[in-house]
Every structure is written in C-alpha cells, then in structure tokens.
file final_31.txt (compact mmCIF, C-alpha atoms and all ligand atoms)
# COMPACT_ATOMS: atom_id res chain seq x y z
CA MET A 1 -47.22 43.28 -10.00
CA SER A 2 -46.72 42.11 -6.43
CA LEU A 3 -43.16 41.72 -5.18
CA PHE A 4 -43.71 37.99 -4.72
CA LYS A 5 -44.93 37.57 -8.31
CA GLU A 6 -42.00 39.62 -9.63
CA ILE A 7 -39.52 37.36 -7.80
CA VAL A 8 -41.13 34.25 -9.27
CA GLU A 9 -41.23 35.78 -12.77
CA ARG A 10 -37.54 36.74 -12.64
CA SER A 11 -36.32 33.63 -10.88
CA PRO A 12 -33.54 31.57 -12.54
CA PHE A 13 -35.46 28.53 -11.25
CA GLY A 14 -38.18 27.07 -13.43
CA VAL A 15 -41.55 27.14 -11.64
CA ILE A 16 -44.55 25.03 -12.63
CA VAL A 17 -47.86 24.80 -10.76
CA ILE A 18 -50.19 21.87 -11.40
CA ASP A 19 -53.75 21.31 -10.27
CA LYS A 20 -53.67 18.31 -7.94
CA ASN A 21 -56.95 16.84 -9.15
CA SER A 22 -57.14 17.57 -12.87
CA LYS A 23 -53.33 17.40 -13.35
CA GLU A 24 -53.60 20.47 -15.53
CA VAL A 25 -50.80 23.05 -15.68
CA ILE A 26 -52.03 26.27 -14.03
CA TYR A 27 -48.88 28.37 -14.16
CA THR A 28 -45.32 28.35 -15.51
CA ASN A 29 -42.78 31.15 -15.05
CA PRO A 30 -40.69 32.60 -17.92
CA THR A 31 -37.59 30.49 -17.09
CA PHE A 32 -39.63 27.33 -17.27
CA ARG A 33 -41.23 28.39 -20.56
CA LYS A 34 -37.79 29.23 -22.01
CA TRP A 35 -36.71 25.62 -21.48
CA LYS A 36 -39.69 24.42 -23.55
CA ILE A 37 -39.65 21.14 -21.62
CA ASN A 38 -43.41 20.95 -21.10
CA GLU A 39 -43.67 20.47 -24.86
CA ARG A 40 -41.81 17.16 -24.48
CA LYS A 41 -43.93 14.03 -24.63
CA GLY A 42 -44.48 12.40 -21.26
CA PHE A 43 -42.94 15.34 -19.40
CA LEU A 44 -45.74 15.69 -16.88
CA GLU A 45 -45.70 12.00 -15.88
CA LYS A 46 -41.93 12.15 -15.48
CA LEU A 47 -42.20 15.23 -13.29
CA LEU A 48 -45.03 13.83 -11.17
CA ASN A 49 -43.11 10.60 -10.68
CA SER A 50 -40.00 12.38 -9.45
CA PRO A 51 -41.34 14.99 -7.06
CA ARG A 52 -38.01 15.02 -5.23
CA GLY A 53 -34.61 14.42 -6.62
CA GLU A 54 -33.59 14.78 -10.22
CA LEU A 55 -35.14 14.76 -13.64
CA GLU A 56 -33.47 14.16 -17.00
CA ILE A 57 -35.09 15.44 -20.18
CA ASP A 58 -33.31 15.32 -23.55
CA GLY A 59 -29.84 15.31 -22.00
CA HIS A 60 -30.69 18.20 -19.66
CA HIS A 61 -30.61 17.61 -15.91
CA TYR A 62 -32.85 19.37 -13.41
CA ARG A 63 -32.87 19.28 -9.62
CA VAL A 64 -36.51 19.15 -8.53
CA SER A 65 -38.05 20.45 -5.30
CA HIS A 66 -41.73 20.00 -4.68
CA PHE A 67 -44.36 21.18 -2.26
CA THR A 68 -48.13 21.23 -2.04
CA GLU A 69 -50.26 24.30 -1.32
CA GLY A 70 -53.98 23.50 -0.99
CA ASP A 71 -54.97 21.77 -4.22
CA LYS A 72 -51.88 22.93 -6.07
CA GLU A 73 -48.64 21.04 -6.64
CA ILE A 74 -45.69 23.41 -7.00
CA PHE A 75 -42.44 22.29 -8.57
CA LEU A 76 -39.17 24.25 -8.57
CA LEU A 77 -36.64 23.12 -11.16
CA GLU A 78 -32.97 24.07 -11.21
CA ASP A 79 -30.98 23.42 -14.37
CA ILE A 80 -27.91 21.46 -13.21
CA THR A 81 -26.75 20.27 -16.64
CA ASP A 82 -23.44 22.19 -16.39
CA LEU A 83 -22.81 20.79 -12.92
CA LYS A 84 -23.47 17.24 -14.17
CA THR A 85 -21.13 17.77 -17.15
CA TYR A 86 -18.43 19.10 -14.82
CA GLN A 87 -18.89 16.18 -12.40
CA ARG A 88 -18.64 13.67 -15.23
CA ALA A 89 -15.52 15.38 -16.66
CA LYS A 90 -13.89 15.35 -13.21
CA ARG A 91 -14.77 11.69 -12.71
CA ASP A 92 -13.45 10.71 -16.15
CA PHE A 93 -10.28 12.71 -15.61
CA VAL A 94 -9.52 11.01 -12.27
CA ALA A 95 -10.32 7.59 -13.77
CA ASN A 96 -8.11 8.19 -16.84
CA VAL A 97 -5.16 9.55 -14.85
CA SER A 98 -5.39 6.65 -12.37
CA HIS A 99 -5.53 4.17 -15.21
CA GLU A 100 -2.50 5.70 -16.95
CA LEU A 101 -0.49 5.76 -13.71
CA LYS A 102 -1.23 2.16 -12.75
CA THR A 103 1.27 0.43 -15.07
CA PRO A 104 4.28 2.78 -14.65
CA ILE A 105 3.91 2.74 -10.85
CA SER A 106 3.77 -1.04 -10.69
CA VAL A 107 6.83 -1.25 -13.02
CA ILE A 108 8.79 1.14 -10.74
CA GLY A 109 7.74 -0.97 -7.75
CA SER A 110 8.83 -4.31 -9.21
CA ILE A 111 12.18 -2.94 -10.48
CA ALA A 112 12.88 -1.38 -7.07
CA GLU A 113 11.99 -4.68 -5.39
CA THR A 114 14.34 -6.70 -7.63
CA LEU A 115 17.20 -4.23 -7.10
CA PHE A 116 16.51 -4.15 -3.35
CA TYR A 117 16.98 -7.92 -2.99
CA GLU A 118 20.13 -7.91 -5.16
CA GLU A 119 21.81 -4.87 -3.61
CA GLU A 120 24.42 -5.50 -0.95
CA ASP A 121 25.51 -1.96 -0.17
CA PRO A 122 23.40 -0.99 2.90
CA PHE A 123 23.40 2.69 1.91
CA LYS A 124 21.93 2.01 -1.54
CA LYS A 125 19.60 -0.61 -0.05
CA ARG A 126 18.04 2.06 2.17
CA PHE A 127 17.26 4.23 -0.84
CA LEU A 128 15.76 1.30 -2.72
CA GLU A 129 13.65 0.47 0.30
CA ARG A 130 12.25 4.01 0.32
CA ILE A 131 11.46 3.88 -3.41
CA LEU A 132 9.71 0.56 -2.88
CA LYS A 133 7.67 1.88 0.06
CA ARG A 134 6.56 4.98 -1.87
CA ALA A 135 5.74 2.93 -4.97
CA LYS A 136 3.52 0.65 -2.84
CA GLU A 137 1.75 3.68 -1.36
CA MET A 138 1.11 5.09 -4.84
CA GLU A 139 -0.10 1.69 -6.02
CA ALA A 140 -2.61 1.54 -3.15
CA LEU A 141 -3.80 5.08 -3.90
CA VAL A 142 -4.30 4.36 -7.61
CA GLU A 143 -6.13 1.14 -6.74
CA ASP A 144 -8.54 3.00 -4.40
CA LEU A 145 -9.10 5.76 -6.97
CA LEU A 146 -9.92 3.12 -9.59
CA ILE A 147 -12.38 1.42 -7.21
CA LEU A 148 -14.10 4.78 -6.60
CA ALA A 149 -14.16 5.55 -10.33
CA ALA A 150 -15.68 2.14 -11.05
CA LEU A 151 -18.31 2.64 -8.33
CA GLU A 152 -19.24 6.02 -9.84
CA SER A 153 -19.51 4.61 -13.37
CA LYS A 154 -21.94 2.07 -14.82
CA GLU A 155 -19.98 -0.66 -13.01
CA GLY A 156 -21.28 0.93 -9.81
CA LYS A 157 -24.69 -0.60 -10.38
CA VAL A 158 -25.62 -3.06 -7.63
CA ILE A 159 -25.84 -6.67 -8.80
CA TRP A 160 -28.24 -8.16 -6.26
CA ASP A 161 -27.56 -11.68 -5.11
CA LYS A 162 -28.25 -13.91 -2.13
CA VAL A 163 -24.87 -13.93 -0.40
CA ASN A 164 -23.65 -16.19 2.40
CA LEU A 165 -22.19 -13.61 4.79
CA HIS A 166 -20.33 -16.06 7.00
CA ASN A 167 -18.40 -17.37 3.99
CA LEU A 168 -17.76 -13.86 2.66
CA VAL A 169 -16.25 -12.79 6.00
CA GLU A 170 -14.03 -15.93 5.93
CA GLU A 171 -12.83 -14.91 2.47
CA VAL A 172 -12.00 -11.40 3.70
CA PHE A 173 -10.12 -12.85 6.70
CA GLN A 174 -8.11 -15.15 4.39
CA ASN A 175 -7.24 -12.13 2.27
CA LEU A 176 -5.95 -10.19 5.30
CA LYS A 177 -4.42 -13.11 7.19
CA GLU A 178 -0.83 -11.94 6.76
CA VAL A 179 -1.57 -8.34 7.78
CA ALA A 180 -3.33 -9.61 10.93
CA GLU A 181 -0.54 -12.07 11.79
CA GLU A 182 2.09 -9.37 11.38
CA LYS A 183 0.22 -7.20 13.89
CA LYS A 184 -0.71 -10.20 16.09
CA VAL A 185 -4.39 -9.29 15.82
CA GLU A 186 -6.98 -12.06 16.21
CA LEU A 187 -9.82 -12.13 13.66
CA LEU A 188 -13.16 -13.50 14.90
CA ASN A 189 -15.96 -14.37 12.51
CA GLU A 190 -19.09 -14.31 14.70
CA VAL A 191 -21.51 -14.31 11.79
CA PRO A 192 -23.52 -17.52 12.19
CA PRO A 193 -23.15 -19.99 9.31
CA GLU A 194 -26.07 -19.85 6.85
CA THR A 195 -26.55 -16.09 7.39
CA TYR A 196 -27.64 -14.61 4.08
CA CYS A 197 -27.75 -11.04 2.86
CA THR A 198 -29.27 -9.72 -0.37
CA CYS A 199 -26.48 -7.56 -1.74
CA ASP A 200 -23.72 -7.23 -4.33
CA GLU A 201 -21.14 -9.84 -3.29
CA HIS A 202 -18.10 -8.22 -4.89
CA LYS A 203 -18.91 -4.75 -3.54
CA ILE A 204 -19.65 -5.98 -0.01
CA PHE A 205 -16.37 -7.90 -0.16
CA ILE A 206 -14.55 -4.59 -0.92
CA LEU A 207 -16.52 -2.86 1.89
CA LEU A 208 -15.70 -5.55 4.46
CA LYS A 209 -12.07 -5.72 3.39
CA ASN A 210 -11.70 -1.98 3.97
CA LEU A 211 -13.36 -2.12 7.41
CA VAL A 212 -11.47 -5.20 8.60
CA GLU A 213 -8.16 -3.86 7.26
CA ASN A 214 -8.70 -0.61 9.21
CA ALA A 215 -9.70 -2.59 12.32
CA ILE A 216 -6.34 -4.40 12.08
CA LYS A 217 -4.23 -1.36 11.10
CA TYR A 218 -5.56 0.87 13.87
CA ASN A 219 -5.47 -1.90 16.50
CA ARG A 220 -2.93 -2.60 19.20
CA GLU A 221 -0.63 -5.60 19.15
CA GLY A 222 -2.48 -8.60 20.52
CA GLY A 223 -5.85 -6.94 19.85
CA LYS A 224 -9.05 -8.40 18.42
CA VAL A 225 -11.42 -7.79 15.53
CA TRP A 226 -15.00 -9.11 15.48
CA VAL A 227 -17.42 -9.27 12.60
CA ARG A 228 -21.07 -9.81 13.54
CA SER A 229 -24.36 -9.64 11.70
CA TYR A 230 -28.01 -9.42 12.76
CA PRO A 231 -31.33 -8.12 11.45
CA GLU A 232 -32.55 -4.78 12.84
CA GLY A 233 -35.85 -3.31 11.64
CA GLU A 234 -35.82 -3.24 7.86
CA TYR A 235 -32.07 -3.76 7.66
CA ARG A 236 -29.42 -6.44 7.94
CA VAL A 237 -26.59 -5.01 10.00
CA ILE A 238 -22.97 -5.97 9.41
CA GLU A 239 -20.79 -4.91 12.32
CA VAL A 240 -17.00 -4.67 12.48
CA SER A 241 -15.56 -3.97 15.97
CA ASP A 242 -11.99 -3.64 17.16
CA THR A 243 -9.97 -3.14 20.32
CA GLY A 244 -7.91 -0.44 18.65
CA ILE A 245 -6.87 3.14 19.26
CA GLY A 246 -10.35 4.55 18.62
CA ILE A 247 -11.30 7.84 17.02
CA PRO A 248 -11.75 11.12 18.94
CA LYS A 249 -15.38 12.36 18.80
CA LYS A 250 -14.69 15.56 16.86
CA HIS A 251 -13.31 13.55 13.92
CA LEU A 252 -16.23 11.12 13.65
CA PRO A 253 -18.37 13.20 11.25
CA LEU A 254 -15.41 13.68 8.92
CA ILE A 255 -13.79 10.27 8.57
CA PHE A 256 -16.00 9.24 5.63
CA GLU A 257 -14.79 12.23 3.57
CA ARG A 258 -12.30 11.54 0.81
CA PHE A 259 -8.64 11.81 1.87
CA TYR A 260 -9.56 12.54 5.50
CA ARG A 261 -7.14 11.02 7.98
CA VAL A 262 -7.51 11.58 11.71
CA ASP A 263 -3.99 12.22 12.79
CA LYS A 264 -1.46 13.24 10.18
CA SER A 265 1.61 12.28 12.24
CA ARG A 266 0.14 8.92 13.22
CA SER A 267 -0.99 8.41 9.63
CA ARG A 268 2.58 8.68 8.42
CA GLU A 269 3.45 5.53 10.37
CA ILE A 270 0.31 3.64 9.38
CA ARG A 271 0.01 3.32 5.63
CA GLY A 272 -3.29 4.43 4.11
CA THR A 273 -4.87 6.46 1.35
CA GLY A 274 -7.69 8.16 3.27
CA LEU A 275 -10.11 6.73 0.69
CA GLY A 276 -11.14 3.45 2.34
CA LEU A 277 -14.08 4.77 4.35
CA SER A 278 -15.44 6.86 1.47
CA ILE A 279 -15.49 3.63 -0.55
CA VAL A 280 -17.35 1.95 2.34
CA LYS A 281 -19.92 4.76 2.53
CA HIS A 282 -20.43 4.80 -1.23
CA ILE A 283 -21.08 1.05 -1.34
CA ALA A 284 -23.55 1.24 1.57
CA LEU A 285 -25.42 4.13 -0.11
CA ILE A 286 -25.78 2.50 -3.53
CA HIS A 287 -27.33 -0.49 -1.72
CA GLY A 288 -29.92 1.92 -0.33
CA GLY A 289 -28.27 1.55 3.08
CA LYS A 290 -26.10 3.59 5.43
CA VAL A 291 -23.03 3.32 7.64
CA GLU A 292 -22.56 4.42 11.25
CA VAL A 293 -19.62 4.52 13.61
CA GLU A 294 -19.25 4.41 17.37
CA SER A 295 -15.84 4.90 18.87
CA GLU A 296 -14.02 5.71 22.04
CA LYS A 297 -10.47 6.95 22.03
CA GLY A 298 -8.13 4.29 23.35
CA LYS A 299 -10.84 1.63 23.60
CA GLY A 300 -11.84 0.73 20.06
CA SER A 301 -14.33 1.34 17.29
CA THR A 302 -17.46 -0.27 15.90
CA PHE A 303 -18.58 0.34 12.32
CA ARG A 304 -22.14 -0.70 11.44
CA VAL A 305 -23.27 -1.11 7.86
CA TYR A 306 -27.05 -1.25 7.26
CA ILE A 307 -28.22 -3.07 4.12
CA PRO A 308 -31.99 -3.09 3.38
CA LEU A 309 -33.39 -6.57 3.98
CA LYS A 310 -35.18 -6.44 0.64
CA GLY A 311 -32.75 -5.49 -2.11
CA SER A 312 -33.66 -2.10 -3.54
CA PRO A 313 -32.75 -0.63 -6.93
CA THR A 314 -29.48 1.25 -7.33
CA LYS A 315 -29.77 4.87 -6.31
CA GLU A 316 -28.04 7.79 -7.97
CA PRO A 317 -24.38 7.56 -6.90
CA PRO A 318 -23.87 9.85 -3.91
CA LYS A 319 -22.04 13.09 -4.47
CA GLY A 320 -18.52 13.35 -3.16
CA GLY A 321 -19.10 10.73 -0.48
P1 LIG A 401 -6.95 5.22 5.62
O1 LIG A 401 -6.47 4.76 4.29
O2 LIG A 401 -6.18 6.38 6.16
O3 LIG A 401 -7.10 4.12 6.59
P2 LIG A 401 -9.84 5.47 5.68
O4 LIG A 401 -10.75 6.30 4.83
O5 LIG A 401 -10.03 4.01 5.66
O6 LIG A 401 -8.37 5.88 5.29
O7 LIG A 401 -10.00 5.97 7.18
C1 LIG A 401 -9.96 7.37 7.46
C2 LIG A 401 -9.34 7.62 8.82
O8 LIG A 401 -10.24 7.15 9.84
C3 LIG A 401 -8.05 6.86 9.06
O9 LIG A 401 -6.93 7.59 8.61
C4 LIG A 401 -8.03 6.68 10.56
O10 LIG A 401 -7.49 7.83 11.17
C5 LIG A 401 -9.51 6.60 10.93
N1 LIG A 401 -9.97 5.19 11.13
C6 LIG A 401 -10.62 4.41 10.24
N2 LIG A 401 -10.93 3.21 10.76
C7 LIG A 401 -10.47 3.22 12.04
C8 LIG A 401 -10.47 2.27 13.11
N3 LIG A 401 -11.04 1.05 13.00
N4 LIG A 401 -9.90 2.66 14.29
C9 LIG A 401 -9.36 3.89 14.43
N5 LIG A 401 -9.30 4.83 13.46
C10 LIG A 401 -9.86 4.51 12.27
call {"tool": "encode", "arguments": {"input": "final_31.txt", "output": "structure tokens"}}
result
Amino acid sequence: MSLFKEIVERSPFGVIVIDKNSKEVIYTNPTFRKWKINERKGFLEKLLNSPRGELEIDGHHYRVSHFTEGDKEIFLLEDITDLKTYQRAKRDFVANVSHELKTPISVIGSIAETLFYEEEDPFKKRFLERILKRAKEMEALVEDLLILAALESKEGKVIWDKVNLHNLVEEVFQNLKEVAEEKKVELLNEVPPETYCTCDEHKIFILLKNLVENAIKYNREGGKVWVRSYPEGEYRVIEVSDTGIGIPKKHLPLIFERFYRVDKSRSREIRGTGLGLSIVKHIALIHGGKVEVESEKGKGSTFRVYIPLKGSPTKEPPKGG
C-alpha cells in the first residue's frame, strides 16, 4: 500500500470521493464507513449541498472540507459532535449563571442606593458609594452576558424587517442623551430621513447603542459623534465616527474579542465590560455582514457596519466572536 493510501486509510477524518458526473460514491475510508452515515436517507444530497461548512446528521456534527480533483469530488469530514456539545454546555452555563446573578445584583444595587441617599456619615457614605458603583458594573456585565447568550441561542435568529434608520438612530440618541450631556458630547444624526435598511430592528438598535455609547465614553469633553449611512456595493453601511481618544493600531485587530480592553489603567476610569464590540461583531455577522474600524490615536475612530442590501438568512452564530 502506498504511503499516501495508508495515511488516508488510517486518518481520523472521514473521506468520501464522489464521481462528479454520475454522483456515485467511488471511495470511502474506514473512518467514514465506521460512521455509517452514507446509509442515511438523503445523505448525499445533504453533503453535496454543504460542500463547505458544517453538516448535521442524526445529532452528529461534522465539519466539511471539499475540493475537486479532475472529475472527482473529495470531501473530508471531521466529527465535531463533542466540540458542539462542549460549546453548548459552556453557552448554557454562562447564560444560567448570568440569569441567576441578575436579581441578587440588582437587589444589592437598589439597597445600596437607598442607604447611600439616607446616610449622613461621610465615611459610611463613601463605602456605600463604592458598593453602588461595583453593583452597577456587575449589572452591566450580567446584562451584556445575557445579550450575548440570547444572540447565541434561538433568539439570535435575525428577524428581517424594513427599518427606518434615521428614526432608529434618533431612538438610540434619546436613550443615551444623559450620558452625552454629562460628557458634553454632541450627537449628530446625519442619516437622511426615509433611509431604510433591511435588518433586525432590535438587534441593530443594540449594535448602534453599543457603538454610540463607546463613541461618547471614549470622547473628549466637547467632542462630537456622527452617525451616517450610505449604500456601498452590495451593502448598506452604517458609520459611527467620533472625535475621541482613538485606538492605537496594534490593538485594532483585538478590540472585537470578548473582554478585550485597550488600556487597563484608562479602562478603570471609564466603565465598561469589554463585551460591547463582540456584541456588535456578532450582530453584524448574523446579518451576513461585517464590521470594520479605522482609528487614529488622539484624533478619533470610525466604526463601519456593513449589512447586505438584500436580507440574507441567518448564518451559523460565529464562534467566540
Ligand atoms: P468596553 O465595555 O470596554 O467599552 P468594548 O468591547 O465596547 O468594551 O470595547 C473594547 C475596547 O475598545 C474598549 O475598552 C476601548 O478601549 C476600545 N474602544 C471601543 N470603542 C472605542 C472608541 N470609539 N474610541 C476609542 N476606543 C474605543
């Protein structure tokens, strides 16, 4: 047996070769045969319709790679059922813990707030203030974790709708009015009235709220935030720009990772969970879109979200993004 054949025969990957024209199975390796999946009804159609990506057969998950060699279609299948089970368990665990923590944290917060306003001793007041601040931080964290958990569950499915973007931006601005006033940041809605986007209104609201809130938080006093929108190729672009502190180049590829914060010492002063941009990225991806950032330290940042002009079906939730 040739070395090449031996590798294929012993491979932990399932290998199946199909004749391009007749669609007949020419070869399967022992791993593939062990799975007995080609005995399943409709297996071949399922495989041929998902040449890249993933395949689910009878509760088993396979990652599929595909290439063509002459008149042969070659498929490599990796059994990722255990990985999927682990991912689901992790997701459920985070969702359950967040859900259980939500009520006690908000109770601690409201008791601390009541005591803070009633307390007259400045020493005790300082402690109560710190409890209140921490409780609010934990509340924000739990809220973001619950949003991520919802996005990764069935609720994460995109509900396509024709959405008036100008009005949605107004709603987001209303929601963040106090935060902007406190920081003396001007919010400018430059999305022309009657601009429509085919998207999930609630999810794009969450996305915009995160971007605009960051644009305010990481701005300077007296700064500005613009939201614009325009079509570009096959996408509608939603753009959020600010006159803020900017992001150094080396951090740009990392800021969409969960819990990533650019500057730990600066982050201590500016409240945040490090989850906002991963929520933004996740929402863009399940719309079949993407998100990009351009930034210059000290000058400001521009985040661009690309939503396909024609609504597309929900994709598999992205991993870890
Ligand atoms: P956070 O809750 O810390 O704001 P995000 O995921 O929203 O978390 O953002 C990740 C990090 O990216 C932030 O901690 C901040 O350092 C940086 N960042 C995000 N948006 C901006 C912005 N508009 N200007 C400057 N830095 C930003």
call {"tool": "residues_around", "arguments": {"input": "final_31.txt", "residues": "Ala95 of chain A", "least_positions_apart": "2", "cutoff": "8 Å", "atoms": "all atoms listed in the file", "output": "PyMOL selection string"}}
result
chain A and resi 91-93+97-99+145-146+149
call {"tool": "atom_distance", "arguments": {"input": "final_31.txt", "atom1": "atom CA of Leu188 of chain A", "atom2": "atom CA of Thr243 of chain A"}}
result
12.1 Å
call {"tool": "residues_around", "arguments": {"input": "final_31.txt", "residues": "Ile247 of chain A", "least_positions_apart": "6", "cutoff": "8 Å", "atoms": "all atoms listed in the file", "output": "MDAnalysis selection string"}}
result
chainID A and resid 262 295:298 300:301
call {"tool": "closest_residue", "arguments": {"input": "final_31.txt", "among": "A:Asn219, A:Ser229, A:Gln87, A:Asn167", "to": "ligand LIG 401 (chain A)", "atoms": "all atoms listed in the file"}}
result
A:Asn219
call {"tool": "residues_near_ligand", "arguments": {"input": "final_31.txt", "ligand": "ligand LIG 401 (chain A)", "cutoff": "6 Å", "atoms": "all atoms listed in the file", "output": "list in words"}}
result
Asn214, Ala215, Tyr218, Gly244, Ile245, Gly246, Ile247, Ile255, Tyr260, Arg261, Val262, Asp263, Gly272, Thr273, Gly274, Leu275, Gly276, Leu277, Ser278 and Ser301 of chain A
call {"tool": "residues_around", "arguments": {"input": "final_31.txt", "residues": "segment 27-43 of chain A", "least_positions_apart": "3", "cutoff": "9 Å", "atoms": "all atoms listed in the file", "output": "count of residues only"}}
result
17
call {"tool": "residues_around", "arguments": {"input": "final_31.txt", "residues": "segment 128-132 of chain A", "least_positions_apart": "3", "cutoff": "6 Å", "atoms": "all atoms listed in the file", "output": "JSON, numbers by chain"}}
result
{"A": [109, 112, 116, 125, 135]}
call {"tool": "atom_distance", "arguments": {"input": "final_31.txt", "atom1": "atom CA of Ile7 of chain A", "atom2": "atom CA of Ile74 of chain A"}}
result
15.3 Å
call {"tool": "atom_distance", "arguments": {"input": "final_31.txt", "atom1": "atom CA of Glu78 of chain A", "atom2": "atom CA of Ile286 of chain A"}}
result
24.0 Å
call {"tool": "closest_residue", "arguments": {"input": "final_31.txt", "among": "A:Glu232, A:Ile238, A:Ser50, A:Lys102", "to": "Leu141 of chain A", "atoms": "all atoms listed in the file"}}
result
A:Lys102
call {"tool": "closest_residue", "arguments": {"input": "final_31.txt", "among": "A:Arg220, A:Lys90, A:Lys281, A:Lys72", "to": "Asp19 of chain A", "atoms": "only C-alpha atoms"}}
result
A:Lys72
call {"tool": "closest_residue", "arguments": {"input": "final_31.txt", "among": "A:Lys290, A:Lys84, A:Lys224, A:Lys209", "to": "Lys183 of chain A", "atoms": "all atoms listed in the file"}}
result
A:Lys224
call {"tool": "residues_around", "arguments": {"input": "final_31.txt", "residues": "Ile279 of chain A", "least_positions_apart": "3", "cutoff": "9 Å", "atoms": "all atoms listed in the file", "output": "list in words"}}
result
Asp144, Ile147, Leu148, Leu151, Ile206, Leu207, Asn210, Phe256, Arg258, Leu275, Gly276, His282, Ile283, Ala284 and Gly321 of chain A
call {"tool": "write_last_selection", "arguments": {"input": "final_31.txt", "atoms": "C-alpha atoms", "output": "PDB file, keeping the file's coordinate frame"}}
result
ATOM      1  CA  ASP A 144      -8.540   3.000  -4.400  1.00  0.00           C
ATOM      2  CA  ILE A 147     -12.380   1.420  -7.210  1.00  0.00           C
ATOM      3  CA  LEU A 148     -14.100   4.780  -6.600  1.00  0.00           C
ATOM      4  CA  LEU A 151     -18.310   2.640  -8.330  1.00  0.00           C
ATOM      5  CA  ILE A 206     -14.550  -4.590  -0.920  1.00  0.00           C
ATOM      6  CA  LEU A 207     -16.520  -2.860   1.890  1.00  0.00           C
ATOM      7  CA  ASN A 210     -11.700  -1.980   3.970  1.00  0.00           C
ATOM      8  CA  PHE A 256     -16.000   9.240   5.630  1.00  0.00           C
ATOM      9  CA  ARG A 258     -12.300  11.540   0.810  1.00  0.00           C
ATOM     10  CA  LEU A 275     -10.110   6.730   0.690  1.00  0.00           C
ATOM     11  CA  GLY A 276     -11.140   3.450   2.340  1.00  0.00           C
ATOM     12  CA  HIS A 282     -20.430   4.800  -1.230  1.00  0.00           C
ATOM     13  CA  ILE A 283     -21.080   1.050  -1.340  1.00  0.00           C
ATOM     14  CA  ALA A 284     -23.550   1.240   1.570  1.00  0.00           C
ATOM     15  CA  GLY A 321     -19.100  10.730  -0.480  1.00  0.00           C
TER      16      GLY A 321
END
call {"tool": "axis_aligned_box", "arguments": {"input": "final_31.txt", "around": "segment 163-168 of chain A", "padding_each_side": "3 Å", "output": "JSON"}}
result
{"center_x": -21.3, "center_y": -15.5, "center_z": 3.3, "size_x": 13.1, "size_y": 9.8, "size_z": 13.4}
